[in-house]
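Source file: target.pdb. Holds: PDB, C-alpha atoms and all ligand atoms.
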ATOM      1  CA  MET A  42     -18.279 -21.382  23.774  1.00  0.00           C
ATOM      2  CA  PRO A  43     -19.482 -17.748  23.841  1.00  0.00           C
ATOM      3  CA  THR A  44     -21.557 -16.916  20.778  1.00  0.00           C
ATOM      4  CA  LEU A  45     -22.315 -13.379  19.679  1.00  0.00           C
ATOM      5  CA  VAL A  46     -24.664 -12.513  16.830  1.00  0.00           C
ATOM      6  CA  LEU A  47     -24.396  -9.104  15.196  1.00  0.00           C
ATOM      7  CA  LEU A  48     -27.204  -7.761  13.038  1.00  0.00           C
ATOM      8  CA  ARG A  49     -27.404  -4.539  11.069  1.00  0.00           C
ATOM      9  CA  HIS A  50     -30.964  -3.193  10.893  1.00  0.00           C
ATOM     10  CA  GLY A  51     -33.110  -3.850   7.819  1.00  0.00           C
ATOM     11  CA  GLN A  52     -33.320  -1.293   5.002  1.00  0.00           C
ATOM     12  CA  SER A  53     -34.311   2.162   6.305  1.00  0.00           C
ATOM     13  CA  GLN A  54     -36.178   4.869   4.427  1.00  0.00           C
ATOM     14  CA  TRP A  55     -32.934   6.816   3.992  1.00  0.00           C
ATOM     15  CA  ASN A  56     -31.018   3.700   2.900  1.00  0.00           C
ATOM     16  CA  LEU A  57     -33.659   3.501   0.167  1.00  0.00           C
ATOM     17  CA  GLU A  58     -33.286   7.201  -0.653  1.00  0.00           C
ATOM     18  CA  ASN A  59     -29.464   6.908  -0.482  1.00  0.00           C
ATOM     19  CA  ARG A  60     -29.128   9.643   2.161  1.00  0.00           C
ATOM     20  CA  PHE A  61     -26.550   9.951   4.971  1.00  0.00           C
ATOM     21  CA  THR A  62     -28.421   9.074   8.147  1.00  0.00           C
ATOM     22  CA  GLY A  63     -26.187   8.713  11.215  1.00  0.00           C
ATOM     23  CA  TRP A  64     -28.005   9.662  14.416  1.00  0.00           C
ATOM     24  CA  TRP A  65     -31.164  10.847  12.618  1.00  0.00           C
ATOM     25  CA  ASP A  66     -34.007   8.544  13.561  1.00  0.00           C
ATOM     26  CA  VAL A  67     -35.332   6.997  10.365  1.00  0.00           C
ATOM     27  CA  ASP A  68     -37.748   4.058  10.305  1.00  0.00           C
ATOM     28  CA  LEU A  69     -37.565   0.815   8.313  1.00  0.00           C
ATOM     29  CA  THR A  70     -39.074   0.484   4.846  1.00  0.00           C
ATOM     30  CA  GLU A  71     -41.424  -2.398   4.042  1.00  0.00           C
ATOM     31  CA  LEU A  72     -38.422  -4.239   2.620  1.00  0.00           C
ATOM     32  CA  GLY A  73     -36.524  -3.494   5.825  1.00  0.00           C
ATOM     33  CA  VAL A  74     -39.341  -5.012   7.881  1.00  0.00           C
ATOM     34  CA  GLU A  75     -39.272  -8.101   5.680  1.00  0.00           C
ATOM     35  CA  GLU A  76     -35.454  -8.343   5.947  1.00  0.00           C
ATOM     36  CA  ALA A  77     -35.738  -8.233   9.737  1.00  0.00           C
ATOM     37  CA  ARG A  78     -38.462 -10.887   9.820  1.00  0.00           C
ATOM     38  CA  ALA A  79     -36.450 -13.102   7.446  1.00  0.00           C
ATOM     39  CA  ALA A  80     -33.396 -12.734   9.724  1.00  0.00           C
ATOM     40  CA  GLY A  81     -35.527 -13.862  12.680  1.00  0.00           C
ATOM     41  CA  ARG A  82     -36.869 -16.875  10.792  1.00  0.00           C
ATOM     42  CA  LEU A  83     -33.359 -17.802   9.633  1.00  0.00           C
ATOM     43  CA  LEU A  84     -31.983 -17.633  13.174  1.00  0.00           C
ATOM     44  CA  ARG A  85     -34.900 -19.693  14.493  1.00  0.00           C
ATOM     45  CA  ASP A  86     -34.658 -22.292  11.711  1.00  0.00           C
ATOM     46  CA  LYS A  87     -30.885 -22.669  12.202  1.00  0.00           C
ATOM     47  CA  GLY A  88     -31.420 -23.328  15.899  1.00  0.00           C
ATOM     48  CA  TYR A  89     -30.097 -20.071  17.350  1.00  0.00           C
ATOM     49  CA  ASP A  90     -31.435 -18.808  20.652  1.00  0.00           C
ATOM     50  CA  PHE A  91     -30.492 -15.889  22.908  1.00  0.00           C
ATOM     51  CA  ASP A  92     -30.440 -14.942  26.569  1.00  0.00           C
ATOM     52  CA  ARG A  93     -29.822 -11.216  26.229  1.00  0.00           C
ATOM     53  CA  CYS A  94     -30.220  -8.566  23.550  1.00  0.00           C
ATOM     54  CA  PHE A  95     -28.586  -5.193  22.995  1.00  0.00           C
ATOM     55  CA  THR A  96     -29.562  -2.426  20.620  1.00  0.00           C
ATOM     56  CA  SER A  97     -29.210   1.315  20.073  1.00  0.00           C
ATOM     57  CA  VAL A  98     -31.798   3.979  20.867  1.00  0.00           C
ATOM     58  CA  GLN A  99     -32.659   4.336  17.168  1.00  0.00           C
ATOM     59  CA  THR A 100     -35.981   3.100  15.813  1.00  0.00           C
ATOM     60  CA  ARG A 101     -34.587   1.158  12.838  1.00  0.00           C
ATOM     61  CA  ALA A 102     -32.397  -1.040  15.044  1.00  0.00           C
ATOM     62  CA  ILE A 103     -34.969  -1.431  17.831  1.00  0.00           C
ATOM     63  CA  ARG A 104     -37.697  -2.450  15.383  1.00  0.00           C
ATOM     64  CA  THR A 105     -35.345  -4.845  13.628  1.00  0.00           C
ATOM     65  CA  LEU A 106     -34.581  -6.538  16.934  1.00  0.00           C
ATOM     66  CA  ASN A 107     -38.269  -6.688  17.870  1.00  0.00           C
ATOM     67  CA  LEU A 108     -39.174  -8.251  14.530  1.00  0.00           C
ATOM     68  CA  VAL A 109     -36.397 -10.834  14.905  1.00  0.00           C
ATOM     69  CA  LEU A 110     -37.554 -11.685  18.426  1.00  0.00           C
ATOM     70  CA  GLU A 111     -41.168 -11.865  17.301  1.00  0.00           C
ATOM     71  CA  GLU A 112     -40.286 -14.409  14.606  1.00  0.00           C
ATOM     72  CA  MET A 113     -38.283 -16.363  17.197  1.00  0.00           C
ATOM     73  CA  GLN A 114     -41.116 -16.140  19.755  1.00  0.00           C
ATOM     74  CA  ARG A 115     -38.654 -14.459  22.091  1.00  0.00           C
ATOM     75  CA  LEU A 116     -40.221 -11.022  22.587  1.00  0.00           C
ATOM     76  CA  TRP A 117     -39.911 -11.655  26.323  1.00  0.00           C
ATOM     77  CA  LEU A 118     -36.104 -11.616  26.328  1.00  0.00           C
ATOM     78  CA  PRO A 119     -34.310  -8.810  28.209  1.00  0.00           C
ATOM     79  CA  VAL A 120     -33.284  -5.979  25.874  1.00  0.00           C
ATOM     80  CA  THR A 121     -30.847  -3.217  26.775  1.00  0.00           C
ATOM     81  CA  LYS A 122     -30.939  -0.057  24.658  1.00  0.00           C
ATOM     82  CA  ASP A 123     -28.000   2.326  24.716  1.00  0.00           C
ATOM     83  CA  TRP A 124     -26.954   5.335  22.618  1.00  0.00           C
ATOM     84  CA  ARG A 125     -23.399   3.992  22.529  1.00  0.00           C
ATOM     85  CA  LEU A 126     -24.592   1.442  19.949  1.00  0.00           C
ATOM     86  CA  ASN A 127     -26.039   4.205  17.737  1.00  0.00           C
ATOM     87  CA  GLU A 128     -24.896   4.677  14.170  1.00  0.00           C
ATOM     88  CA  ARG A 129     -21.799   6.848  13.694  1.00  0.00           C
ATOM     89  CA  HIS A 130     -22.898  10.536  13.622  1.00  0.00           C
ATOM     90  CA  TYR A 131     -22.694  11.753  10.030  1.00  0.00           C
ATOM     91  CA  GLY A 132     -22.246  15.429  10.987  1.00  0.00           C
ATOM     92  CA  GLY A 133     -22.985  17.977   8.277  1.00  0.00           C
ATOM     93  CA  LEU A 134     -23.639  15.202   5.765  1.00  0.00           C
ATOM     94  CA  THR A 135     -26.792  14.133   7.634  1.00  0.00           C
ATOM     95  CA  GLY A 136     -29.793  14.161   5.298  1.00  0.00           C
ATOM     96  CA  LEU A 137     -27.730  14.733   2.123  1.00  0.00           C
ATOM     97  CA  ASN A 138     -27.884  12.370  -0.831  1.00  0.00           C
ATOM     98  CA  LYS A 139     -24.769  10.208  -1.158  1.00  0.00           C
ATOM     99  CA  GLN A 140     -24.724  10.279  -4.976  1.00  0.00           C
ATOM    100  CA  GLU A 141     -25.255  14.059  -5.066  1.00  0.00           C
ATOM    101  CA  MET A 142     -22.265  14.472  -2.736  1.00  0.00           C
ATOM    102  CA  ILE A 143     -20.160  12.254  -5.024  1.00  0.00           C
ATOM    103  CA  ASP A 144     -21.166  14.448  -7.970  1.00  0.00           C
ATOM    104  CA  LYS A 145     -20.261  17.563  -5.976  1.00  0.00           C
ATOM    105  CA  VAL A 146     -16.988  16.695  -4.222  1.00  0.00           C
ATOM    106  CA  GLY A 147     -15.904  13.450  -5.916  1.00  0.00           C
ATOM    107  CA  ALA A 148     -16.081   9.755  -5.051  1.00  0.00           C
ATOM    108  CA  GLU A 149     -12.709   9.755  -3.311  1.00  0.00           C
ATOM    109  CA  GLN A 150     -13.671  12.398  -0.753  1.00  0.00           C
ATOM    110  CA  VAL A 151     -17.031  10.725  -0.070  1.00  0.00           C
ATOM    111  CA  LYS A 152     -15.288   7.370   0.411  1.00  0.00           C
ATOM    112  CA  ILE A 153     -12.912   8.984   2.931  1.00  0.00           C
ATOM    113  CA  TRP A 154     -15.894  10.356   4.864  1.00  0.00           C
ATOM    114  CA  ARG A 155     -17.742   7.046   4.698  1.00  0.00           C
ATOM    115  CA  ARG A 156     -14.994   4.509   5.219  1.00  0.00           C
ATOM    116  CA  SER A 157     -11.737   6.047   6.505  1.00  0.00           C
ATOM    117  CA  PHE A 158     -10.653   5.241  10.032  1.00  0.00           C
ATOM    118  CA  ASP A 159     -10.143   8.691  11.468  1.00  0.00           C
ATOM    119  CA  VAL A 160     -11.402  11.422   9.108  1.00  0.00           C
ATOM    120  CA  PRO A 161     -14.750  12.725  10.398  1.00  0.00           C
ATOM    121  CA  PRO A 162     -17.333  14.328   8.098  1.00  0.00           C
ATOM    122  CA  PRO A 163     -17.698  18.122   8.493  1.00  0.00           C
ATOM    123  CA  PRO A 164     -19.567  19.024  11.708  1.00  0.00           C
ATOM    124  CA  LEU A 165     -23.316  19.539  11.821  1.00  0.00           C
ATOM    125  CA  ASP A 166     -24.275  23.253  11.845  1.00  0.00           C
ATOM    126  CA  ASP A 167     -25.702  24.545  15.119  1.00  0.00           C
ATOM    127  CA  ASP A 168     -28.870  25.647  13.320  1.00  0.00           C
ATOM    128  CA  SER A 169     -29.282  22.439  11.293  1.00  0.00           C
ATOM    129  CA  PRO A 170     -32.781  20.893  11.314  1.00  0.00           C
ATOM    130  CA  TYR A 171     -30.993  17.648  12.182  1.00  0.00           C
ATOM    131  CA  GLN A 172     -29.764  18.922  15.559  1.00  0.00           C
ATOM    132  CA  LEU A 173     -30.802  16.519  18.325  1.00  0.00           C
ATOM    133  CA  ALA A 174     -30.223  18.800  21.307  1.00  0.00           C
ATOM    134  CA  GLY A 175     -33.911  18.783  22.318  1.00  0.00           C
ATOM    135  CA  ASP A 176     -34.335  15.032  21.937  1.00  0.00           C
ATOM    136  CA  ARG A 177     -35.232  13.584  25.344  1.00  0.00           C
ATOM    137  CA  ARG A 178     -33.509  10.271  24.691  1.00  0.00           C
ATOM    138  CA  TYR A 179     -30.171  12.120  24.706  1.00  0.00           C
ATOM    139  CA  ALA A 180     -30.786  14.178  27.847  1.00  0.00           C
ATOM    140  CA  GLY A 181     -27.600  14.425  29.894  1.00  0.00           C
ATOM    141  CA  ILE A 182     -25.232  13.111  27.245  1.00  0.00           C
ATOM    142  CA  HIS A 183     -22.792  15.078  25.138  1.00  0.00           C
ATOM    143  CA  ILE A 184     -24.200  14.707  21.610  1.00  0.00           C
ATOM    144  CA  PRO A 185     -21.364  14.737  19.058  1.00  0.00           C
ATOM    145  CA  ASN A 186     -21.647  17.008  16.023  1.00  0.00           C
ATOM    146  CA  THR A 187     -19.744  14.508  13.867  1.00  0.00           C
ATOM    147  CA  GLU A 188     -17.929  11.187  14.366  1.00  0.00           C
ATOM    148  CA  SER A 189     -15.196   9.258  12.575  1.00  0.00           C
ATOM    149  CA  LEU A 190     -14.983   5.489  12.936  1.00  0.00           C
ATOM    150  CA  LYS A 191     -12.218   6.133  15.482  1.00  0.00           C
ATOM    151  CA  THR A 192     -14.416   8.276  17.708  1.00  0.00           C
ATOM    152  CA  THR A 193     -17.296   5.837  17.222  1.00  0.00           C
ATOM    153  CA  ILE A 194     -15.021   3.071  18.521  1.00  0.00           C
ATOM    154  CA  ALA A 195     -14.207   5.284  21.507  1.00  0.00           C
ATOM    155  CA  ARG A 196     -17.821   4.930  22.721  1.00  0.00           C
ATOM    156  CA  VAL A 197     -18.803   1.512  21.294  1.00  0.00           C
ATOM    157  CA  LEU A 198     -15.841  -0.415  22.668  1.00  0.00           C
ATOM    158  CA  PRO A 199     -16.038   0.700  26.328  1.00  0.00           C
ATOM    159  CA  TYR A 200     -19.742  -0.172  26.195  1.00  0.00           C
ATOM    160  CA  PHE A 201     -18.938  -3.603  24.769  1.00  0.00           C
ATOM    161  CA  GLU A 202     -16.322  -4.209  27.476  1.00  0.00           C
ATOM    162  CA  ALA A 203     -18.584  -2.990  30.296  1.00  0.00           C
ATOM    163  CA  GLU A 204     -21.917  -4.556  29.333  1.00  0.00           C
ATOM    164  CA  ILE A 205     -21.714  -7.087  26.505  1.00  0.00           C
ATOM    165  CA  ALA A 206     -18.424  -8.872  27.246  1.00  0.00           C
ATOM    166  CA  PRO A 207     -19.415  -9.716  30.854  1.00  0.00           C
ATOM    167  CA  ALA A 208     -22.694 -11.236  29.612  1.00  0.00           C
ATOM    168  CA  LEU A 209     -20.774 -13.377  27.108  1.00  0.00           C
ATOM    169  CA  LYS A 210     -18.325 -14.437  29.801  1.00  0.00           C
ATOM    170  CA  ARG A 211     -21.250 -15.498  31.999  1.00  0.00           C
ATOM    171  CA  GLY A 212     -22.238 -17.845  29.184  1.00  0.00           C
ATOM    172  CA  GLU A 213     -25.193 -15.810  27.929  1.00  0.00           C
ATOM    173  CA  ARG A 214     -26.037 -16.008  24.232  1.00  0.00           C
ATOM    174  CA  VAL A 215     -26.124 -12.444  22.939  1.00  0.00           C
ATOM    175  CA  ILE A 216     -27.552 -10.654  19.900  1.00  0.00           C
ATOM    176  CA  VAL A 217     -26.622  -7.053  19.105  1.00  0.00           C
ATOM    177  CA  ALA A 218     -28.915  -5.255  16.642  1.00  0.00           C
ATOM    178  CA  ALA A 219     -27.202  -2.071  15.567  1.00  0.00           C
ATOM    179  CA  HIS A 220     -25.875  -0.112  12.586  1.00  0.00           C
ATOM    180  CA  GLY A 221     -23.373  -0.320   9.738  1.00  0.00           C
ATOM    181  CA  ASN A 222     -20.676   1.724  11.429  1.00  0.00           C
ATOM    182  CA  SER A 223     -21.255   0.866  15.104  1.00  0.00           C
ATOM    183  CA  LEU A 224     -20.969  -2.770  13.999  1.00  0.00           C
ATOM    184  CA  ARG A 225     -17.837  -1.977  11.951  1.00  0.00           C
ATOM    185  CA  ALA A 226     -16.423  -0.582  15.197  1.00  0.00           C
ATOM    186  CA  LEU A 227     -17.214  -3.836  17.004  1.00  0.00           C
ATOM    187  CA  GLU A 228     -15.985  -6.036  14.182  1.00  0.00           C
ATOM    188  CA  LYS A 229     -12.718  -4.095  13.952  1.00  0.00           C
ATOM    189  CA  HIS A 230     -12.106  -5.048  17.554  1.00  0.00           C
ATOM    190  CA  LEU A 231     -13.396  -8.641  17.444  1.00  0.00           C
ATOM    191  CA  SER A 232     -11.628  -9.518  14.178  1.00  0.00           C
ATOM    192  CA  ASN A 233      -8.556  -7.406  14.992  1.00  0.00           C
ATOM    193  CA  ILE A 234      -8.723  -5.497  11.690  1.00  0.00           C
ATOM    194  CA  ALA A 235      -5.960  -2.935  11.093  1.00  0.00           C
ATOM    195  CA  ASP A 236      -6.799   0.782  10.808  1.00  0.00           C
ATOM    196  CA  ASP A 237      -5.931   0.844   7.106  1.00  0.00           C
ATOM    197  CA  GLU A 238      -7.886  -2.339   6.321  1.00  0.00           C
ATOM    198  CA  ILE A 239     -11.185  -1.417   7.927  1.00  0.00           C
ATOM    199  CA  VAL A 240     -12.023   0.661   4.832  1.00  0.00           C
ATOM    200  CA  GLY A 241     -12.859  -2.627   3.052  1.00  0.00           C
ATOM    201  CA  LEU A 242     -15.428  -3.924   5.553  1.00  0.00           C
ATOM    202  CA  GLU A 243     -19.057  -3.534   4.403  1.00  0.00           C
ATOM    203  CA  ILE A 244     -21.932  -4.864   6.489  1.00  0.00           C
ATOM    204  CA  PRO A 245     -25.196  -5.620   4.650  1.00  0.00           C
ATOM    205  CA  THR A 246     -28.643  -4.897   6.119  1.00  0.00           C
ATOM    206  CA  GLY A 247     -30.563  -7.716   7.780  1.00  0.00           C
ATOM    207  CA  GLN A 248     -27.864 -10.418   7.572  1.00  0.00           C
ATOM    208  CA  PRO A 249     -27.004 -11.976  10.970  1.00  0.00           C
ATOM    209  CA  ILE A 250     -23.259 -12.432  11.540  1.00  0.00           C
ATOM    210  CA  VAL A 251     -22.044 -15.036  14.055  1.00  0.00           C
ATOM    211  CA  TYR A 252     -18.903 -14.663  16.154  1.00  0.00           C
ATOM    212  CA  GLU A 253     -17.783 -17.824  17.894  1.00  0.00           C
ATOM    213  CA  LEU A 254     -15.397 -16.775  20.656  1.00  0.00           C
ATOM    214  CA  ASP A 255     -13.096 -18.460  23.119  1.00  0.00           C
ATOM    215  CA  ASP A 256     -13.302 -17.875  26.865  1.00  0.00           C
ATOM    216  CA  LYS A 257     -11.164 -14.745  26.540  1.00  0.00           C
ATOM    217  CA  LEU A 258     -13.516 -13.535  23.788  1.00  0.00           C
ATOM    218  CA  GLN A 259     -10.910 -14.029  21.097  1.00  0.00           C
ATOM    219  CA  LYS A 260     -12.445 -14.853  17.727  1.00  0.00           C
ATOM    220  CA  LEU A 261     -12.524 -18.533  16.744  1.00  0.00           C
ATOM    221  CA  ASP A 262     -14.805 -18.100  13.749  1.00  0.00           C
ATOM    222  CA  ARG A 263     -16.943 -15.461  12.019  1.00  0.00           C
ATOM    223  CA  PHE A 264     -19.609 -16.214   9.436  1.00  0.00           C
ATOM    224  CA  TYR A 265     -22.983 -15.171   8.062  1.00  0.00           C
ATOM    225  CA  VAL A 266     -25.808 -17.394   9.335  1.00  0.00           C
ATOM    226  CA  SER A 267     -27.086 -17.602   5.739  1.00  0.00           C
ATOM    227  CA  GLU A 268     -23.823 -19.268   4.631  1.00  0.00           C
ATOM    228  CA  ARG A 269     -23.914 -22.332   6.881  1.00  0.00           C
TER     229      ARG A 269
HETATM  230  O1  LIG A 301     -25.830   6.357   8.419  1.00  0.00           O
HETATM  231  C1  LIG A 301     -25.963   5.937   7.254  1.00  0.00           C
HETATM  232  O2  LIG A 301     -26.106   6.685   6.270  1.00  0.00           O
HETATM  233  C2  LIG A 301     -25.944   4.460   7.005  1.00  0.00           C
HETATM  234  O3  LIG A 301     -26.581   3.795   8.007  1.00  0.00           O
HETATM  235  C3  LIG A 301     -24.535   3.934   6.860  1.00  0.00           C
HETATM  236  O4  LIG A 301     -24.015   4.612   5.833  1.00  0.00           O
HETATM  237  P1  LIG A 301     -22.585   4.366   5.175  1.00  0.00           P
HETATM  238  O5  LIG A 301     -22.599   3.000   4.578  1.00  0.00           O
HETATM  239  O6  LIG A 301     -22.507   5.450   4.150  1.00  0.00           O
HETATM  240  O7  LIG A 301     -21.555   4.549   6.259  1.00  0.00           O
END
Final structure tokens representation of the file:
Amino acid sequence: MPTLVLLRHGQSQWNLENRFTGWWDVDLTELGVEEARAAGRLLRDKGYDFDRCFTSVQTRAIRTLNLVLEEMQRLWLPVTKDWRLNERHYGGLTGLNKQEMIDKVGAEQVKIWRRSFDVPPPPLDDDSPYQLAGDRRYAGIHIPNTESLKTTIARVLPYFEAEIAPALKRGERVIVAAHGNSLRALEKHLSNIADDEIVGLEIPTGQPIVYELDDKLQKLDRFYVSER
């Protein structure tokens, strides 16, 4: 039975500071490191093992995966890094404080930006310090200046179908270490969540989620490793 484990990175510095992060490359806090290590120990102690790993090109997810694999004594496993698993781009909100934005424009508007299916945040200014145009890891790709969950799905899902699904179908045990909204994109697909219901899905940091799938990769079960 194909088994897929999804893991949101541990707490990042901007999670701690309550700032919109998106594609900006922010590292883990000490707590985030500990969350990642604890996730690795939990997976090991519950008997999980993997054949292949996927992550984004963002430090917080890569380090989380490495810490998990270190705890599992599996640092040697093959890891594929791809920008398509990056966090949703937070556009012009990048770097801003979430509570300050609520105070400024209201909780309802901020919730729409954070959790709606297809309303993107305002675009990132061309002269923003958070522009990534010169970042070598994105050479040759069209960097978005904002993304909704819908447009995030439009790059996460084809990547899942092209790279992750075939590995699962070959019988490989897969872990994906990624981000709140790239994982919401994947979970929307795997759990067949309607556009107007995805607003309710929150994914905590550092908590491995298991998908047990049938041969056609239809969901049989979904649970947090900590719960069983
Ligand atoms: O990019 C961010 O700010 C976080 O990783 C996810 O934030 P959200 O929960 O506000 O979407």
Inset, instruction - Taking (-16.8, -2.4, 3.7) in the file's own coordinates, collect the residues within 10 Å, counting all atoms listed in the file, and hand them back as a list in words. - result: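 Applying the cut-off with all atoms listed in the file, one gets Arg155, Arg156, Gly221, Asn222, Arg225, Glu238, Ile239, Val240, Gly241, Leu242, Glu243, Ile244 and Pro245 of chain A.
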Could you save the residues just selected, with C-alpha atoms, as an mmCIF file, in the frame of the given file?
data_model
loop_
_atom_site.group_PDB
_atom_site.id
_atom_site.type_symbol
_atom_site.label_atom_id
_atom_site.label_comp_id
_atom_site.auth_asym_id
_atom_site.auth_seq_id
_atom_site.Cartn_x
_atom_site.Cartn_y
_atom_site.Cartn_z
ATOM 1 C CA ARG A 155 -17.742 7.046 4.698
ATOM 2 C CA ARG A 156 -14.994 4.509 5.219
ATOM 3 C CA GLY A 221 -23.373 -0.320 9.738
ATOM 4 C CA ASN A 222 -20.676 1.724 11.429
ATOM 5 C CA ARG A 225 -17.837 -1.977 11.951
ATOM 6 C CA GLU A 238 -7.886 -2.339 6.321
ATOM 7 C CA ILE A 239 -11.185 -1.417 7.927
ATOM 8 C CA VAL A 240 -12.023 0.661 4.832
ATOM 9 C CA GLY A 241 -12.859 -2.627 3.052
ATOM 10 C CA LEU A 242 -15.428 -3.924 5.553
ATOM 11 C CA GLU A 243 -19.057 -3.534 4.403
ATOM 12 C CA ILE A 244 -21.932 -4.864 6.489
ATOM 13 C CA PRO A 245 -25.196 -5.620 4.650
#
Inset, instruction - Name the closest residue to ligand LIG 301 (chain A) among the candidates A:Gly247, A:Pro163, A:Gly73, A:Gly136; distances are taken between atoms, counting only C-alpha atoms and all ligand atoms. - result: A:Gly136
Legend entry - the PyMOL selection byres (((chain A and resi 119) around 9) and not hetatm) applied to the shown file, residues as a PyMOL selection string: chain A and resi 92-95+116-118+120-121
Legend entry - Cut-off 8 Å, all atoms listed in the file, neighbours of ligand LIG 301 (chain A) as JSON, numbers by chain: {"A": [55, 56, 59, 60, 61, 62, 63, 64, 128, 129, 130, 131, 135, 139, 155, 156, 220, 221, 222, 243]}
I need the residues from that last selection saved to file as a short mmCIF file (atom, residue, chain, number, x, y, z; two decimals), in the frame of the given file (with C-alpha atoms), if you can.
data_model
loop_
_atom_site.label_atom_id
_atom_site.label_comp_id
_atom_site.auth_asym_id
_atom_site.auth_seq_id
_atom_site.Cartn_x
_atom_site.Cartn_y
_atom_site.Cartn_z
CA TRP A 55 -32.93 6.82 3.99
CA ASN A 56 -31.02 3.70 2.90
CA ASN A 59 -29.46 6.91 -0.48
CA ARG A 60 -29.13 9.64 2.16
CA PHE A 61 -26.55 9.95 4.97
CA THR A 62 -28.42 9.07 8.15
CA GLY A 63 -26.19 8.71 11.22
CA TRP A 64 -28.00 9.66 14.42
CA GLU A 128 -24.90 4.68 14.17
CA ARG A 129 -21.80 6.85 13.69
CA HIS A 130 -22.90 10.54 13.62
CA TYR A 131 -22.69 11.75 10.03
CA THR A 135 -26.79 14.13 7.63
CA LYS A 139 -24.77 10.21 -1.16
CA ARG A 155 -17.74 7.05 4.70
CA ARG A 156 -14.99 4.51 5.22
CA HIS A 220 -25.88 -0.11 12.59
CA GLY A 221 -23.37 -0.32 9.74
CA ASN A 222 -20.68 1.72 11.43
CA GLU A 243 -19.06 -3.53 4.40
#
Legend entry - One-decimal distance in Å that lies between CA of Phe201 in chain A and CA of Val160 in chain A: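 For CA of Val160 in chain A relative to CA of Phe201 in chain A, the distance reads 23.0 Å.
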Legend entry - Distance query 9 Å from (-33.5, 9.6, 13.5) using only C-alpha atoms, result as number ranges by chain: A: 62-68, 99-101, 171, 173
Legend entry - Residues returned when the PyMOL selection byres (((chain A and resi 72) around 12) and not hetatm) runs on this file, as a PyMOL selection string: chain A and resi 50-54+56-57+68-71+73-79+105+246-247
Those residues you just picked out, can you put them in a file as a CSV table (one decimal), in the frame of the given file with C-alpha atoms?
chain,number,residue,atom,x,y,z
A,50,HIS,CA,-31.0,-3.2,10.9
A,51,GLY,CA,-33.1,-3.8,7.8
A,52,GLN,CA,-33.3,-1.3,5.0
A,53,SER,CA,-34.3,2.2,6.3
A,54,GLN,CA,-36.2,4.9,4.4
A,56,ASN,CA,-31.0,3.7,2.9
A,57,LEU,CA,-33.7,3.5,0.2
A,68,ASP,CA,-37.7,4.1,10.3
A,69,LEU,CA,-37.6,0.8,8.3
A,70,THR,CA,-39.1,0.5,4.8
A,71,GLU,CA,-41.4,-2.4,4.0
A,73,GLY,CA,-36.5,-3.5,5.8
A,74,VAL,CA,-39.3,-5.0,7.9
A,75,GLU,CA,-39.3,-8.1,5.7
A,76,GLU,CA,-35.5,-8.3,5.9
A,77,ALA,CA,-35.7,-8.2,9.7
A,78,ARG,CA,-38.5,-10.9,9.8
A,79,ALA,CA,-36.4,-13.1,7.4
A,105,THR,CA,-35.3,-4.8,13.6
A,246,THR,CA,-28.6,-4.9,6.1
A,247,GLY,CA,-30.6,-7.7,7.8
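You can rank A:Lys257, A:Phe264, A:Ile250, A:Asp123 by their closest distance to Val46 in chain A using only C-alpha atoms, and at the top of that list sits A:Ile250.
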Starting from the displayed file, determine the output of the PyMOL selection byres (((chain A and resi 91) around 12) and not hetatm) and express the residue list as a PDB file with C-alpha atoms, in the frame of the given file.
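Once everything was written out, this is part-v3.pdb:
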ATOM      1  CA  PRO A  43     -19.482 -17.748  23.841  1.00  0.00           C
ATOM      2  CA  THR A  44     -21.557 -16.916  20.778  1.00  0.00           C
ATOM      3  CA  LEU A  45     -22.315 -13.379  19.679  1.00  0.00           C
ATOM      4  CA  VAL A  46     -24.664 -12.513  16.830  1.00  0.00           C
ATOM      5  CA  LEU A  47     -24.396  -9.104  15.196  1.00  0.00           C
ATOM      6  CA  GLY A  81     -35.527 -13.862  12.680  1.00  0.00           C
ATOM      7  CA  LEU A  84     -31.983 -17.633  13.174  1.00  0.00           C
ATOM      8  CA  ARG A  85     -34.900 -19.693  14.493  1.00  0.00           C
ATOM      9  CA  GLY A  88     -31.420 -23.328  15.899  1.00  0.00           C
ATOM     10  CA  TYR A  89     -30.097 -20.071  17.350  1.00  0.00           C
ATOM     11  CA  ASP A  90     -31.435 -18.808  20.652  1.00  0.00           C
ATOM     12  CA  ASP A  92     -30.440 -14.942  26.569  1.00  0.00           C
ATOM     13  CA  ARG A  93     -29.822 -11.216  26.229  1.00  0.00           C
ATOM     14  CA  CYS A  94     -30.220  -8.566  23.550  1.00  0.00           C
ATOM     15  CA  PHE A  95     -28.586  -5.193  22.995  1.00  0.00           C
ATOM     16  CA  LEU A 106     -34.581  -6.538  16.934  1.00  0.00           C
ATOM     17  CA  VAL A 109     -36.397 -10.834  14.905  1.00  0.00           C
ATOM     18  CA  LEU A 110     -37.554 -11.685  18.426  1.00  0.00           C
ATOM     19  CA  MET A 113     -38.283 -16.363  17.197  1.00  0.00           C
ATOM     20  CA  GLN A 114     -41.116 -16.140  19.755  1.00  0.00           C
ATOM     21  CA  ARG A 115     -38.654 -14.459  22.091  1.00  0.00           C
ATOM     22  CA  LEU A 116     -40.221 -11.022  22.587  1.00  0.00           C
ATOM     23  CA  TRP A 117     -39.911 -11.655  26.323  1.00  0.00           C
ATOM     24  CA  LEU A 118     -36.104 -11.616  26.328  1.00  0.00           C
ATOM     25  CA  PRO A 119     -34.310  -8.810  28.209  1.00  0.00           C
ATOM     26  CA  VAL A 120     -33.284  -5.979  25.874  1.00  0.00           C
ATOM     27  CA  ALA A 208     -22.694 -11.236  29.612  1.00  0.00           C
ATOM     28  CA  LEU A 209     -20.774 -13.377  27.108  1.00  0.00           C
ATOM     29  CA  GLY A 212     -22.238 -17.845  29.184  1.00  0.00           C
ATOM     30  CA  GLU A 213     -25.193 -15.810  27.929  1.00  0.00           C
ATOM     31  CA  ARG A 214     -26.037 -16.008  24.232  1.00  0.00           C
ATOM     32  CA  VAL A 215     -26.124 -12.444  22.939  1.00  0.00           C
ATOM     33  CA  ILE A 216     -27.552 -10.654  19.900  1.00  0.00           C
ATOM     34  CA  VAL A 217     -26.622  -7.053  19.105  1.00  0.00           C
TER      35      VAL A 217
END
